[in-house]
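Visitor: Before we start, here is the structure in question, set down as structure tokens.
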Amino acid sequence: MCAAHNPENSDKPTRRNFFKEGLCIAIGTTISIVPFAAGLAVYLDPLRKKTAAPGDPIRVASLTSLPEDGIPRKFAVLADRSDAWNKYPNVPVGAVYLRRREGKIEALHSVCPHAGCFIDYAPERNSFLCPCHNSTFALDGSINDPKSPSPRGMDPLEVEIRGNDVYVDFKNFRAGIHDRIPEA
Amino acid sequence: MKKVFDWIDNRTGARKLTQEALYENVPGGARWRYIWGSTLTFTLFIQFVTGIFLWMAYSPGSQSAWASVYYIQHEMTGGWLLRGIHHFTAQAMTILLVLHLMQVVVDGAYKAPREVNFWFGLILLLLVLGLSLTGYLLPWDQKGYWATRVATNIAAITPIIGPSLQKLIVGGSDYGHHTLTRFFALHAGVLPAMIIALLVGHIYLFRKHGITAKKPYRKPDAAFWPDQVLKDAVACMAVLAAILFFVLRYRGAELAAPADGSEPYSAARPEWYFLFLFQFLKYFPGGTEIWGAIVIPTVLVIIVFAMPFIGNWKLGHRFNIGFLIAVMGGAGLLTYLAYAEDGKNPSFALAVKEAHRDAARVKILAQAPSGIPDSGAATLLRNDALTQGPKLFAKNCATCHRYDGHDGTGLLVADPSSGPDLKGFASREWIAGLMDPEKISTPHYYGGTKFENGKMARFVKKSVAEFSPEEREQLHKVILALSAEANLKSQAEVDKRDIKLIEEGRTLMANETMRCAECHKFHQYEDEPNGPDLTGYGSRDWLIQIIANPAHERFYGDRNDRMPAFADEGIMTAREIEMIAEWMRGEWYEPESASGAQ
């Protein structure tokens with residue numbers, strides 16, 4: 001089916017063949033790289049795009065909507081969100097737990113620092129419980145069980161009271177690590 | 001290292017396969033005429049690589065497809081290059097397919113025992129054309145949308161199954177999400193998979209029967225590697241260079257305005273290599289399209305498929321070559337005629353110009369801080385005063401009014417105007433013209449209207465004509481004051497500069513010489529008004545209200561001429577009226593950097 005090495009061919013000076021072979025490989029590699037290079041440039045685009053810088057504190061609730069009982073309540077955080085070509089003004093971008101404690105307001109990020117699941121408040125045990133890997137947290141957000149898989153306590157967020165409104169400096173933190181580093 | 005290769009070879013037989021692949025005998029040595037198959041395989045490789053990367057950023061769906069392609073093209077690094085390579089490689093493939101077919105037919109490579117391989121090649125050709133046809137729609141721009149409508153409507157004239165066939169291709173009775181999902185599945189899934197399968201068979205059969213060497217042999221036999229491979233590589237490089245040349249020259253592939261079934265697109269043409277079919281259809285009168293669109297092309301394709309059998313006949317080979325040349329020549333002639341007709345057609349040139357204008361405009365709108373709305377990019381142009389204003393003016397206003405002498409879109413109207421020319425309405429120049437005794441009764445202003453010799457015209461022609469220089473000075477201030485009411489963007493700076501004169505002008509409007517307040521209401525001055533309210537004259541709200549209902553108390557009341565109440569009579573929607581008003585006032589979205597210069 002396929003002719004074996006042609007005797008005439010092997011008589012040719014090998015240097016010339018080497019040159020040709022090298023040229024084949026060089027051209028072949030170069031022209032094959034072009035479509036990959038163009039594709040990779042586009043694929044790597046997300047690395048070049050900066051995550052939106054955290055904005056100003058966001059109003060999440062009115063003071064009156066927070067009872068004095070010290071039990072955390074969940075509030076949606078509304079902000080402008082951009083998703084590739086779409087921009088959505090004032091849509092839910094996350095949620096925080098707010099509670100009153102000794103006259104102050106505490107805010108905790110609702111996302112688990114372990115793997116990013118949404119943490120539930122479990123009223124029967126009066127603590128936070130992550131439904132994914134059973135990380136539990138005390139009401140102040142600290143880890144209350146040494147066996148908890150989470151590398152750190154829930155992420156506190158800065159709270160500011162302006163008149164009757166509760167403002168939260170909302171940001172997301174990297175999950176899975178001990179240190180609390182905002183996402184960039 | 002050798003051990004590793006031995007191990008691999010022992011388990012897979014890779015060495016023998018490579019040997020067979022590389023040391024295939026080429027009778028008569030390597031030649032340039034054998035490169036076409038390799039260049040096609042290479043272009044196919046480019047299409048697979050670039051296609052998969054494009055896939056990672058493409059979103060099929062009638063609201064998102066255009067936006068995602070726009071995003072690739074204008075927002076992602078290197079996106080225009082990636083898309084450009086994919087686009088121009090598709091065109092290169094079509095050319096290479098024709099060259100490959102010609103070479104195969106001329107060299108008689110279709111003859112026994114290579115019939116099956118010839119058919120594989122022809123099916124591959126049709127599949128690649130299928131890729132072009134399906135890919136053309138995916139950006140969901142006006143160009144692809146209208147071309148695809150034509151293509152799928154042609155499918156619908158197939159006897160008996162036509163309408164069902166069209167419904168299946170389109171994914172419903174109207175073009176939308178499922179048209180895109182179906183086309184995309186064909187384009188990125190079904191057709192490429194079939195091409196790979198057939199290409200494997202094609203190359204296998206090619207190797208089985210060996211190359212059809214062109215006689216006489218000028219050189220001794222040689223192995224495929226490296227002589228022929230080098231020629232193939234150089235040819236592939238030339239093809240790539242040509243592709244990149246076009247990509248750079250045109251800055252990537254074109255992206256027309258987003259698809260909009262309600263917006264005419266007279267610039268609709270298929271991709272250039274389908275133009276001959278497009279042109280061919282023009283010669284078939286209504287009811288006989290099926291001959292031009294389906295029957296004749298099918299017969300021609302069947303003849304090409306039958307070439308191996310025709311070739312057995314004594315003159316068969318010559319017939320085949322002649323036939324192919326005739327078909328190619330015919331297609332070439334039809335393509336030329338299509339271009340020539342378009343070239344001579346001024347309305348096509350205008351349509352292309354409009355298409356480019358819309359494409360450029362929608363890009364600016366998509367880059368606005370508000371981004372592309374959920375409802376899809378087509379909404380951007382539908383709600384854009386700059387795009388819609390002229391069209392709405394031409395449709396609703398230009399029966400009586402003119403805009404700088406034309407109908408708003410630049411076309412001249414045959415009938416004489418019977419309403420003022422509204423270019424620059426409420427600007428200083430426009431009002432100065434109205435107050436000019438020489439001009440007020442010309443067609444540019446009140447000529448041809450009920451007010452041609454009305455109170456206002458009489459006042460201007462009698463009193464204003466006899467104004468003393470001092471009174472003229474006062475009139476000038478009144479004009480500045482009235483024009484300032486409009487709050488025109490184009491006059492923002494001069495209005496600010498002349499704020500004192502404008503203040504004086506406002507007080508002068510009640511003055512006994514100027515006599516405005518005798519008929520018109522103007523802020524606090526309130527006699528029995530029997531002319532339009534001049535408070536906010538020419539402002540956005542004033543314009544919207546007068547278009548909505550000119551016979552309203554605030555405007556002409558029962559003295560209104562023929563102008564309809566566009567809102568109250570349901571002629572235009574509120575948004576349409578807003579867009580006319582905004583366009584007349586020169587208010588539309590401009591990007592930050594450009595608006596400063598305007």
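Going through the structure tokens in order, the chains are called A, B, and so on, while each chain numbers its residues from 1 and the ligands are numbered from 1 in the order shown.
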With 7 Å as the cut-off and only C-alpha atoms counted, what is the closest atom pair between each nearby residue of chain B and chain A? Distances in Å to one decimal, ordered by chain and number, as a Markdown table.

Guide:
```
| residue | atom | partner | partner_atom | distance |
| --- | --- | --- | --- | --- |
| B:Glu20 | CA | A:Cys2 | CA | 5.9 |
| B:Tyr23 | CA | A:His5 | CA | 6.3 |
| B:Glu24 | CA | A:Cys2 | CA | 5.3 |
| B:Asn25 | CA | A:Ala3 | CA | 5.2 |
| B:Ile46 | CA | A:Pro35 | CA | 5.8 |
| B:Val49 | CA | A:Pro35 | CA | 6.3 |
| B:Thr50 | CA | A:Pro35 | CA | 5.8 |
| B:Phe53 | CA | A:Gly39 | CA | 5.2 |
| B:Ala67 | CA | A:Trp85 | CA | 6.4 |
| B:Tyr71 | CA | A:Trp85 | CA | 6.3 |
| B:Met76 | CA | A:Asp45 | CA | 5.9 |
| B:Thr77 | CA | A:Val42 | CA | 5.5 |
| B:Gly78 | CA | A:Val42 | CA | 5.5 |
| B:Gly79 | CA | A:Val42 | CA | 5.6 |
| B:Leu81 | CA | A:Ala38 | CA | 6.4 |
| B:Leu82 | CA | A:Ala38 | CA | 5.1 |
| B:Lys208 | CA | A:Met1 | CA | 6.1 |
| B:Ala222 | CA | A:Asn9 | CA | 6.1 |
| B:Ala223 | CA | A:Asn6 | CA | 6.7 |
| B:Pro226 | CA | A:Glu21 | CA | 5.6 |
| B:Val229 | CA | A:Cys24 | CA | 6.7 |
| B:Leu230 | CA | A:Cys24 | CA | 5.2 |
| B:Ala233 | CA | A:Gly28 | CA | 6.1 |
| B:Met237 | CA | A:Ile31 | CA | 6.3 |
| B:Ser370 | CA | A:Lys87 | CA | 6.2 |
| B:Gly371 | CA | A:Lys87 | CA | 5.5 |
| B:Ile372 | CA | A:Asn86 | CA | 5.2 |
| B:Pro373 | CA | A:Asn86 | CA | 6.3 |
| B:Asp374 | CA | A:Asn86 | CA | 6.8 |
```

Visitor: Name all residues at most 6 Å from Tyr97 in chain A (count only C-alpha atoms; drop same-chain ones fewer than 4 positions away) and give them as a PyMOL selection string.

Guide: chain A and resi 72-74+107-108

Visitor: Write the selection just made, keeping all heavy atoms, as a PDB file, in the first residue's frame?

Guide:
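Below you can see part.pdb, which holds the result:
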```pdb
ATOM      1  N   PRO A  72     -30.002  37.175  64.036  1.00  0.00           N
ATOM      2  CA  PRO A  72     -29.609  37.699  62.726  1.00  0.00           C
ATOM      3  C   PRO A  72     -30.729  37.567  61.696  1.00  0.00           C
ATOM      4  O   PRO A  72     -31.491  36.602  61.726  1.00  0.00           O
ATOM      5  CB  PRO A  72     -28.408  36.849  62.336  1.00  0.00           C
ATOM      6  CG  PRO A  72     -28.450  35.653  63.196  1.00  0.00           C
ATOM      7  CD  PRO A  72     -29.267  35.956  64.403  1.00  0.00           C
ATOM      8  N   ARG A  73     -30.787  38.544  60.839  1.00  0.00           N
ATOM      9  CA  ARG A  73     -31.768  38.507  59.751  1.00  0.00           C
ATOM     10  C   ARG A  73     -31.056  38.777  58.437  1.00  0.00           C
ATOM     11  O   ARG A  73     -30.104  39.540  58.374  1.00  0.00           O
ATOM     12  CB  ARG A  73     -32.857  39.544  60.006  1.00  0.00           C
ATOM     13  CG  ARG A  73     -33.907  38.998  60.943  1.00  0.00           C
ATOM     14  CD  ARG A  73     -34.879  40.048  61.423  1.00  0.00           C
ATOM     15  NE  ARG A  73     -35.886  39.448  62.290  1.00  0.00           N
ATOM     16  CZ  ARG A  73     -35.668  39.099  63.570  1.00  0.00           C
ATOM     17  NH1 ARG A  73     -34.486  39.287  64.120  1.00  0.00           N
ATOM     18  NH2 ARG A  73     -36.636  38.550  64.278  1.00  0.00           N
ATOM     19  N   LYS A  74     -31.606  38.120  57.431  1.00  0.00           N
ATOM     20  CA  LYS A  74     -30.931  38.178  56.125  1.00  0.00           C
ATOM     21  C   LYS A  74     -31.485  39.329  55.288  1.00  0.00           C
ATOM     22  O   LYS A  74     -32.689  39.526  55.214  1.00  0.00           O
ATOM     23  CB  LYS A  74     -31.170  36.857  55.396  1.00  0.00           C
ATOM     24  CG  LYS A  74     -30.298  36.650  54.189  1.00  0.00           C
ATOM     25  CD  LYS A  74     -30.542  35.284  53.595  1.00  0.00           C
ATOM     26  CE  LYS A  74     -31.881  35.263  52.880  1.00  0.00           C
ATOM     27  NZ  LYS A  74     -32.382  33.931  52.623  1.00  0.00           N
ATOM     28  N   ALA A 107     -22.716  43.140  60.834  1.00  0.00           N
ATOM     29  CA  ALA A 107     -23.046  42.579  59.518  1.00  0.00           C
ATOM     30  C   ALA A 107     -22.078  41.451  59.190  1.00  0.00           C
ATOM     31  O   ALA A 107     -20.870  41.575  59.394  1.00  0.00           O
ATOM     32  CB  ALA A 107     -22.941  43.660  58.445  1.00  0.00           C
ATOM     33  N   LEU A 108     -22.623  40.335  58.714  1.00  0.00           N
ATOM     34  CA  LEU A 108     -21.799  39.196  58.307  1.00  0.00           C
ATOM     35  C   LEU A 108     -22.146  38.826  56.870  1.00  0.00           C
ATOM     36  O   LEU A 108     -23.323  38.835  56.485  1.00  0.00           O
ATOM     37  CB  LEU A 108     -22.075  37.991  59.213  1.00  0.00           C
ATOM     38  CG  LEU A 108     -21.620  38.119  60.662  1.00  0.00           C
ATOM     39  CD1 LEU A 108     -22.181  36.947  61.486  1.00  0.00           C
ATOM     40  CD2 LEU A 108     -20.102  38.153  60.762  1.00  0.00           C
TER      41      LEU A 108
END
```

Visitor: Among chain A, which ones does DSSP place in helix (DSSP H, G or I), written as a PyMOL selection string?

Guide: chain A and resi 7-11+14-43+45-48+63-65

Visitor: Please report, as number ranges by chain, each residue of chain A to which DSSP assigns strand (DSSP E or B) when run on this structure's backbone.

Guide: A: 58-62, 73-83, 86-101, 104-109, 111, 118, 120-122, 127-129, 136-137, 143, 156-162, 165-169, 173, 182

Visitor: If I take CA of Lys104 in chain A and CA of Pro57 in chain A, how far is one from the other in Å, to one decimal?

Guide: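 CA of Lys104 in chain A sits 17.0 Å away from CA of Pro57 in chain A.
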
Visitor: Can you list, as a PyMOL selection string, every protein, DNA or RNA residue that comes within 12 Å of Ala253 in chain B when you count only C-alpha atoms, leaving out same-chain residues fewer than 5 positions away?

Guide: chain B and resi 69-70+72-74+79-91+136+139+243-244+246-248

Visitor: Just N, CA, C and O atoms for this one: save the residues we selected as a short mmCIF file (atom, residue, chain, number, x, y, z; two decimals), in the first residue's frame.

Guide:
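Result saved to out34.cif:
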```cif
data_model
loop_
_atom_site.label_atom_id
_atom_site.label_comp_id
_atom_site.auth_asym_id
_atom_site.auth_seq_id
_atom_site.Cartn_x
_atom_site.Cartn_y
_atom_site.Cartn_z
N VAL B 69 -21.22 38.49 20.06
CA VAL B 69 -20.27 38.68 18.95
C VAL B 69 -19.68 40.10 19.00
O VAL B 69 -18.49 40.29 18.80
N TYR B 70 -20.54 41.06 19.32
CA TYR B 70 -20.04 42.43 19.52
C TYR B 70 -18.95 42.43 20.59
O TYR B 70 -17.91 43.07 20.45
N ILE B 72 -17.04 39.95 21.57
CA ILE B 72 -15.82 39.33 21.05
C ILE B 72 -15.06 40.34 20.19
O ILE B 72 -13.87 40.56 20.35
N GLN B 73 -15.82 40.99 19.31
CA GLN B 73 -15.22 41.86 18.32
C GLN B 73 -14.60 43.12 18.93
O GLN B 73 -13.52 43.53 18.53
N HIS B 74 -15.27 43.72 19.89
CA HIS B 74 -14.84 45.04 20.35
C HIS B 74 -14.36 45.11 21.79
O HIS B 74 -13.78 46.10 22.19
N GLY B 79 -10.08 39.62 19.97
CA GLY B 79 -11.32 39.04 19.47
C GLY B 79 -11.55 39.31 18.00
O GLY B 79 -11.95 38.42 17.24
N TRP B 80 -11.26 40.54 17.59
CA TRP B 80 -11.46 40.89 16.17
C TRP B 80 -10.55 40.04 15.28
O TRP B 80 -10.94 39.64 14.19
N LEU B 81 -9.36 39.74 15.79
CA LEU B 81 -8.41 38.94 15.02
C LEU B 81 -8.91 37.50 14.89
O LEU B 81 -8.94 36.92 13.81
N LEU B 82 -9.35 36.95 16.03
CA LEU B 82 -9.85 35.57 16.04
C LEU B 82 -11.03 35.43 15.09
O LEU B 82 -11.08 34.52 14.25
N ARG B 83 -11.98 36.36 15.21
CA ARG B 83 -13.17 36.29 14.37
C ARG B 83 -12.80 36.54 12.91
O ARG B 83 -13.33 35.90 11.99
N GLY B 84 -11.87 37.46 12.71
CA GLY B 84 -11.42 37.75 11.35
C GLY B 84 -10.79 36.53 10.69
O GLY B 84 -11.08 36.22 9.53
N ILE B 85 -9.95 35.82 11.43
CA ILE B 85 -9.30 34.63 10.86
C ILE B 85 -10.37 33.60 10.49
O ILE B 85 -10.36 33.02 9.41
N HIS B 86 -11.33 33.39 11.40
CA HIS B 86 -12.38 32.40 11.15
C HIS B 86 -13.18 32.79 9.90
O HIS B 86 -13.48 31.96 9.05
N HIS B 87 -13.49 34.07 9.81
CA HIS B 87 -14.31 34.57 8.70
C HIS B 87 -13.59 34.43 7.36
O HIS B 87 -14.13 33.91 6.39
N PHE B 88 -12.34 34.89 7.30
CA PHE B 88 -11.64 34.88 6.02
C PHE B 88 -11.13 33.49 5.65
O PHE B 88 -10.97 33.19 4.47
N THR B 89 -10.89 32.65 6.66
CA THR B 89 -10.49 31.28 6.33
C THR B 89 -11.65 30.55 5.66
O THR B 89 -11.46 29.73 4.75
N ALA B 90 -12.87 30.87 6.10
CA ALA B 90 -14.04 30.26 5.46
C ALA B 90 -14.07 30.60 3.97
O ALA B 90 -14.37 29.74 3.14
N GLN B 91 -13.74 31.85 3.66
CA GLN B 91 -13.73 32.25 2.26
C GLN B 91 -12.60 31.56 1.50
O GLN B 91 -12.78 31.13 0.37
N TYR B 136 -23.09 32.02 8.69
CA TYR B 136 -23.44 33.39 8.30
C TYR B 136 -24.51 33.98 9.21
O TYR B 136 -24.55 35.18 9.45
N PRO B 139 -23.91 35.49 13.92
CA PRO B 139 -23.78 36.79 14.60
C PRO B 139 -25.14 37.48 14.81
O PRO B 139 -25.22 38.44 15.57
N ILE B 243 -4.88 35.05 4.18
CA ILE B 243 -5.97 35.23 5.16
C ILE B 243 -5.65 36.40 6.08
O ILE B 243 -6.48 37.30 6.27
N LEU B 244 -4.44 36.40 6.62
CA LEU B 244 -4.06 37.47 7.55
C LEU B 244 -4.06 38.83 6.86
O LEU B 244 -4.44 39.84 7.46
N PHE B 246 -6.09 39.83 4.53
CA PHE B 246 -7.46 40.32 4.48
C PHE B 246 -7.99 40.68 5.86
O PHE B 246 -8.72 41.65 6.03
N VAL B 247 -7.61 39.89 6.86
CA VAL B 247 -8.06 40.19 8.23
C VAL B 247 -7.57 41.58 8.63
O VAL B 247 -8.32 42.41 9.16
N LEU B 248 -6.29 41.86 8.36
CA LEU B 248 -5.73 43.14 8.76
C LEU B 248 -6.30 44.27 7.92
O LEU B 248 -6.59 45.34 8.41
#
```

Visitor: Nearest residue to Glu160 in chain A out of A:Ser142, A:Thr51, A:Ser62, A:Thr14, using only C-alpha atoms?

Guide: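 Ranking A:Ser142, A:Thr51, A:Ser62, A:Thr14 by distance to Glu160 in chain A, first place goes to A:Ser62.
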
Visitor: What is the distance between CA of Pro437 in chain B and CA of Asn560 in chain B, in Å to one decimal?

Guide: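 It comes out at 22.4 Å.
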